[in-house]
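**Q** You'll find target_22.cif just under this line, and it carries mmCIF, C-alpha atoms.
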```
data_my_file
#
loop_
_atom_site.group_PDB
_atom_site.id
_atom_site.type_symbol
_atom_site.label_atom_id
_atom_site.label_comp_id
_atom_site.auth_asym_id
_atom_site.auth_seq_id
_atom_site.Cartn_x
_atom_site.Cartn_y
_atom_site.Cartn_z
ATOM 1 C CA GLN A 49 56.494 201.178 64.588
ATOM 2 C CA VAL A 50 58.990 200.067 67.179
ATOM 3 C CA GLN A 51 58.569 200.683 70.875
ATOM 4 C CA LEU A 52 61.591 200.883 73.139
ATOM 5 C CA VAL A 53 61.451 200.524 76.888
ATOM 6 C CA GLU A 54 64.531 201.131 78.979
ATOM 7 C CA SER A 55 65.111 199.782 82.438
ATOM 8 C CA GLY A 56 67.888 199.940 84.939
ATOM 9 C CA GLY A 57 69.871 203.017 85.717
ATOM 10 C CA GLY A 58 70.048 204.650 89.103
ATOM 11 C CA SER A 59 72.579 206.300 91.366
ATOM 12 C CA VAL A 60 76.049 204.939 92.045
ATOM 13 C CA GLN A 61 79.424 206.176 93.166
ATOM 14 C CA ALA A 62 82.437 206.761 90.981
ATOM 15 C CA GLY A 63 84.147 203.525 90.095
ATOM 16 C CA ASP A 64 80.982 201.469 90.438
ATOM 17 C CA SER A 65 79.232 199.496 87.722
ATOM 18 C CA LEU A 66 75.696 199.731 86.460
ATOM 19 C CA GLY A 67 73.644 198.137 83.735
ATOM 20 C CA VAL A 68 70.745 199.380 81.676
ATOM 21 C CA SER A 69 68.649 197.463 79.209
ATOM 22 C CA CYS A 70 66.310 198.275 76.363
ATOM 23 C CA ALA A 71 63.541 196.006 75.175
ATOM 24 C CA ALA A 72 62.167 196.513 71.682
ATOM 25 C CA SER A 73 58.703 195.518 70.549
ATOM 26 C CA GLY A 74 56.608 196.031 67.466
ATOM 27 C CA ARG A 75 58.138 195.858 63.987
ATOM 28 C CA THR A 76 61.493 194.729 65.304
ATOM 29 C CA PHE A 77 62.292 192.712 62.190
ATOM 30 C CA SER A 78 63.198 195.970 60.505
ATOM 31 C CA THR A 79 65.843 196.867 63.080
ATOM 32 C CA TYR A 80 69.157 197.743 61.454
ATOM 33 C CA PHE A 81 71.005 199.468 64.243
ATOM 34 C CA MET A 82 70.351 200.006 67.916
ATOM 35 C CA GLY A 83 72.252 202.488 69.961
ATOM 36 C CA TRP A 84 72.612 204.318 73.220
ATOM 37 C CA PHE A 85 72.868 208.056 73.528
ATOM 38 C CA ARG A 86 73.061 210.218 76.615
ATOM 39 C CA GLN A 87 72.232 213.764 77.537
ATOM 40 C CA ALA A 88 73.591 215.600 80.530
ATOM 41 C CA PRO A 89 71.895 218.734 81.890
ATOM 42 C CA GLY A 90 72.637 221.707 79.707
ATOM 43 C CA LYS A 91 74.401 219.631 77.096
ATOM 44 C CA GLU A 92 73.487 218.190 73.741
ATOM 45 C CA ARG A 93 72.604 214.563 73.322
ATOM 46 C CA GLU A 94 75.740 212.584 72.572
ATOM 47 C CA PHE A 95 76.448 209.205 71.061
ATOM 48 C CA VAL A 96 77.586 206.415 73.372
ATOM 49 C CA VAL A 97 77.551 203.158 71.415
ATOM 50 C CA SER A 98 75.822 201.441 68.511
ATOM 51 C CA ILE A 99 75.323 197.845 67.475
ATOM 52 C CA LYS A 100 74.430 196.550 64.043
ATOM 53 C CA TRP A 101 71.659 194.080 64.662
ATOM 54 C CA SER A 102 72.458 191.593 61.916
ATOM 55 C CA THR A 103 76.165 191.226 62.598
ATOM 56 C CA GLY A 104 76.645 192.372 66.151
ATOM 57 C CA SER A 105 79.285 194.873 65.078
ATOM 58 C CA THR A 106 79.729 197.607 67.627
ATOM 59 C CA TYR A 107 81.096 201.127 67.685
ATOM 60 C CA TYR A 108 81.901 203.054 70.833
ATOM 61 C CA ALA A 109 82.449 206.688 71.621
ATOM 62 C CA ASP A 110 86.016 207.310 72.742
ATOM 63 C CA SER A 111 84.779 208.557 76.107
ATOM 64 C CA VAL A 112 83.357 205.145 77.035
ATOM 65 C CA LYS A 113 85.601 202.775 75.120
ATOM 66 C CA GLY A 114 87.023 200.121 77.434
ATOM 67 C CA ARG A 115 84.506 200.892 80.170
ATOM 68 C CA PHE A 116 81.104 200.308 78.561
ATOM 69 C CA THR A 117 79.941 197.189 76.769
ATOM 70 C CA ILE A 118 76.875 196.771 74.617
ATOM 71 C CA SER A 119 75.360 193.358 74.063
ATOM 72 C CA ARG A 120 72.160 191.981 72.609
ATOM 73 C CA ASP A 121 69.754 189.129 73.015
ATOM 74 C CA ASN A 122 68.142 188.541 69.646
ATOM 75 C CA SER A 123 65.512 186.201 71.081
ATOM 76 C CA LYS A 124 64.318 188.933 73.434
ATOM 77 C CA ASN A 125 64.913 191.880 71.086
ATOM 78 C CA THR A 126 66.840 193.449 73.906
ATOM 79 C CA VAL A 127 70.096 195.332 74.130
ATOM 80 C CA TYR A 128 72.102 195.778 77.265
ATOM 81 C CA LEU A 129 74.610 198.423 78.237
ATOM 82 C CA GLN A 130 77.035 197.415 80.951
ATOM 83 C CA MET A 131 78.831 200.424 82.381
ATOM 84 C CA ASN A 132 81.956 199.866 84.446
ATOM 85 C CA SER A 133 84.373 202.259 86.117
ATOM 86 C CA LEU A 134 81.726 204.940 86.075
ATOM 87 C CA LYS A 135 82.763 208.560 86.379
ATOM 88 C CA PRO A 136 80.780 211.612 87.489
ATOM 89 C CA GLU A 137 80.917 212.852 83.901
ATOM 90 C CA ASP A 138 78.896 209.790 82.873
ATOM 91 C CA THR A 139 75.924 211.301 84.685
ATOM 92 C CA ALA A 140 73.133 211.772 82.163
ATOM 93 C CA VAL A 141 69.816 210.518 80.922
ATOM 94 C CA TYR A 142 70.560 207.499 78.784
ATOM 95 C CA TYR A 143 68.377 206.926 75.744
ATOM 96 C CA CYS A 144 67.990 203.756 73.742
ATOM 97 C CA ALA A 145 67.382 204.177 70.028
ATOM 98 C CA ALA A 146 66.634 201.981 67.045
ATOM 99 C CA THR A 147 66.496 202.517 63.338
ATOM 100 C CA GLY A 148 65.949 200.808 60.046
ATOM 101 C CA PRO A 149 68.151 200.658 56.944
ATOM 102 C CA LEU A 150 66.405 203.539 55.204
ATOM 103 C CA TYR A 151 67.788 205.983 57.738
ATOM 104 C CA VAL A 152 71.416 204.898 57.833
ATOM 105 C CA ASP A 153 74.035 205.005 55.121
ATOM 106 C CA SER A 154 75.480 201.562 54.453
ATOM 107 C CA ARG A 155 78.924 202.799 55.449
ATOM 108 C CA SER A 156 77.779 204.463 58.651
ATOM 109 C CA TYR A 157 78.169 203.183 62.169
ATOM 110 C CA ALA A 158 74.971 205.010 63.102
ATOM 111 C CA THR A 159 76.611 207.381 65.539
ATOM 112 C CA ARG A 160 74.412 210.392 64.843
ATOM 113 C CA SER A 161 71.062 210.951 66.506
ATOM 114 C CA PHE A 162 69.312 211.933 63.264
ATOM 115 C CA GLU A 163 69.987 208.424 61.945
ATOM 116 C CA TYR A 164 67.631 206.940 64.519
ATOM 117 C CA ARG A 165 63.917 206.585 63.938
ATOM 118 C CA TYR A 166 62.760 205.341 67.327
ATOM 119 C CA TRP A 167 63.657 206.435 70.834
ATOM 120 C CA GLY A 168 63.011 205.219 74.344
ATOM 121 C CA GLN A 169 61.884 207.449 77.164
ATOM 122 C CA GLY A 170 65.304 207.589 78.777
ATOM 123 C CA THR A 171 66.654 206.416 82.098
ATOM 124 C CA GLN A 172 68.678 208.462 84.571
ATOM 125 C CA VAL A 173 72.200 207.456 85.527
ATOM 126 C CA THR A 174 73.808 209.482 88.291
ATOM 127 C CA VAL A 175 77.417 208.986 89.349
ATOM 128 C CA SER A 176 78.565 210.661 92.534
ATOM 129 C CA PRO A 177 82.234 211.541 93.148
#
```
Please lay out the structure from this file as structure tokens.
**A**
Amino acid sequence: QVQLVESGGGSVQAGDSLGVSCAASGRTFSTYFMGWFRQAPGKEREFVVSIKWSTGSTYYADSVKGRFTISRDNSKNTVYLQMNSLKPEDTAVYYCAATGPLYVDSRSYATRSFEYRYWGQGTQVTVSP
């Protein structure tokens, strides 16, 4: 089992920056991908960004490319999501997720929620106009 605990988030104005982090504990040696998803009220959960733990390769949703940056600290089993130039449409609950190799095709960038085995509790990000 892997436990994920998110921190950060909050309320900002459009154009501001905000960071969220996700600390993993438990059987973290099996981590293959970690990712961030978000869910706005009344909408489906959508992919934001993923990072392949072994290589650091990243893949971003078009909606956040150039504005959001994912990074990791292997020693702390933590991933960070730095969000710049925030827009009101970025308002959502942001979820951290992790998965092992059994759940992800070797050619996948792990952009689909069903590819993730473990989920955090979510953290609210609100961007005001």
**Q** Taking 5 positions as the minimum chain separation for residues in the same chain, which residues sit within 12 Å of region 85-99 of chain A when counting all atoms listed in the file? Answer as a ChimeraX atom specification.
**A** /A:79-80,104-122,126-131,136-147,156-164,167-175
**Q** How many Å lie between CA of Thr76 (chain A) and CA of Gly57 (chain A), rounded to one decimal?
**A**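 So the answer is 23.6 Å.
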**Q** Can you tell me how far CA of Tyr166 (chain A) sits from CA of Ala72 (chain A), in Å to one decimal?
**A**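 Between CA of Tyr166 (chain A) and CA of Ala72 (chain A) the gap works out to 9.9 Å.
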**Q** Might you spell out which residues the PyMOL selection byres ((chain A and resi 54) around 6) would select in the displayed file, as a list in words?
**A**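 Residues picked by the PyMOL selection byres ((chain A and resi 54) around 6): Val53, Ser55, Ser69 and Cys70 of chain A.
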**Q** How far is it from CA of Pro177 (chain A) to CA of Asp64 (chain A), in Å with one decimal?
**A**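 CA of Asp64 (chain A) lies at a distance of 10.5 Å from CA of Pro177 (chain A).
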**Q** Pick the closest to Ser78 (chain A) from A:Leu66, A:Asn132, A:Leu52, A:Pro149: which is it, counting all atoms listed in the file?
**A**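 Ranking A:Leu66, A:Asn132, A:Leu52, A:Pro149 by distance to Ser78 (chain A), first place goes to A:Pro149.
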**Q** Can you tell me, as a PyMOL selection string, what residues are no more than 8 Å from Ser73 (chain A) when counting only C-alpha atoms, ignoring any on the same chain fewer than 6 positions away?
**A** chain A and resi 50-52+125
**Q** Restricting the output to C-alpha atoms, write the selected residues as a PDB file, in the coordinates of the input.
**A**
```pdb
ATOM      1  CA  VAL A  50      58.990 200.067  67.179  1.00  0.00           C
ATOM      2  CA  GLN A  51      58.569 200.683  70.875  1.00  0.00           C
ATOM      3  CA  LEU A  52      61.591 200.883  73.139  1.00  0.00           C
ATOM      4  CA  ASN A 125      64.913 191.880  71.086  1.00  0.00           C
TER       5      ASN A 125
END
```
**Q** May I have the centre and edge lengths, in Å to one decimal, of an axis-aligned box around the listed atoms of region 95-102 of chain A with 3 Å added to every side, as JSON?
**A**
```
{"center_x": 74.6, "center_y": 200.4, "center_z": 67.6, "size_x": 11.9, "size_y": 23.6, "size_z": 17.5}
```
**Q** Would you be able to write out as a compact mmCIF listing (two decimals) with C-alpha atoms, keeping the file's coordinate frame which residues have an atom within 7 Å of (84.8, 205.4, 85.1) in the file's coordinates, counting all atoms listed in the file?
**A**
```
# COMPACT_ATOMS: atom_id res chain seq x y z
CA ALA A 62 82.44 206.76 90.98
CA GLY A 63 84.15 203.52 90.10
CA ARG A 115 84.51 200.89 80.17
CA ASN A 132 81.96 199.87 84.45
CA SER A 133 84.37 202.26 86.12
CA LEU A 134 81.73 204.94 86.08
CA LYS A 135 82.76 208.56 86.38
```
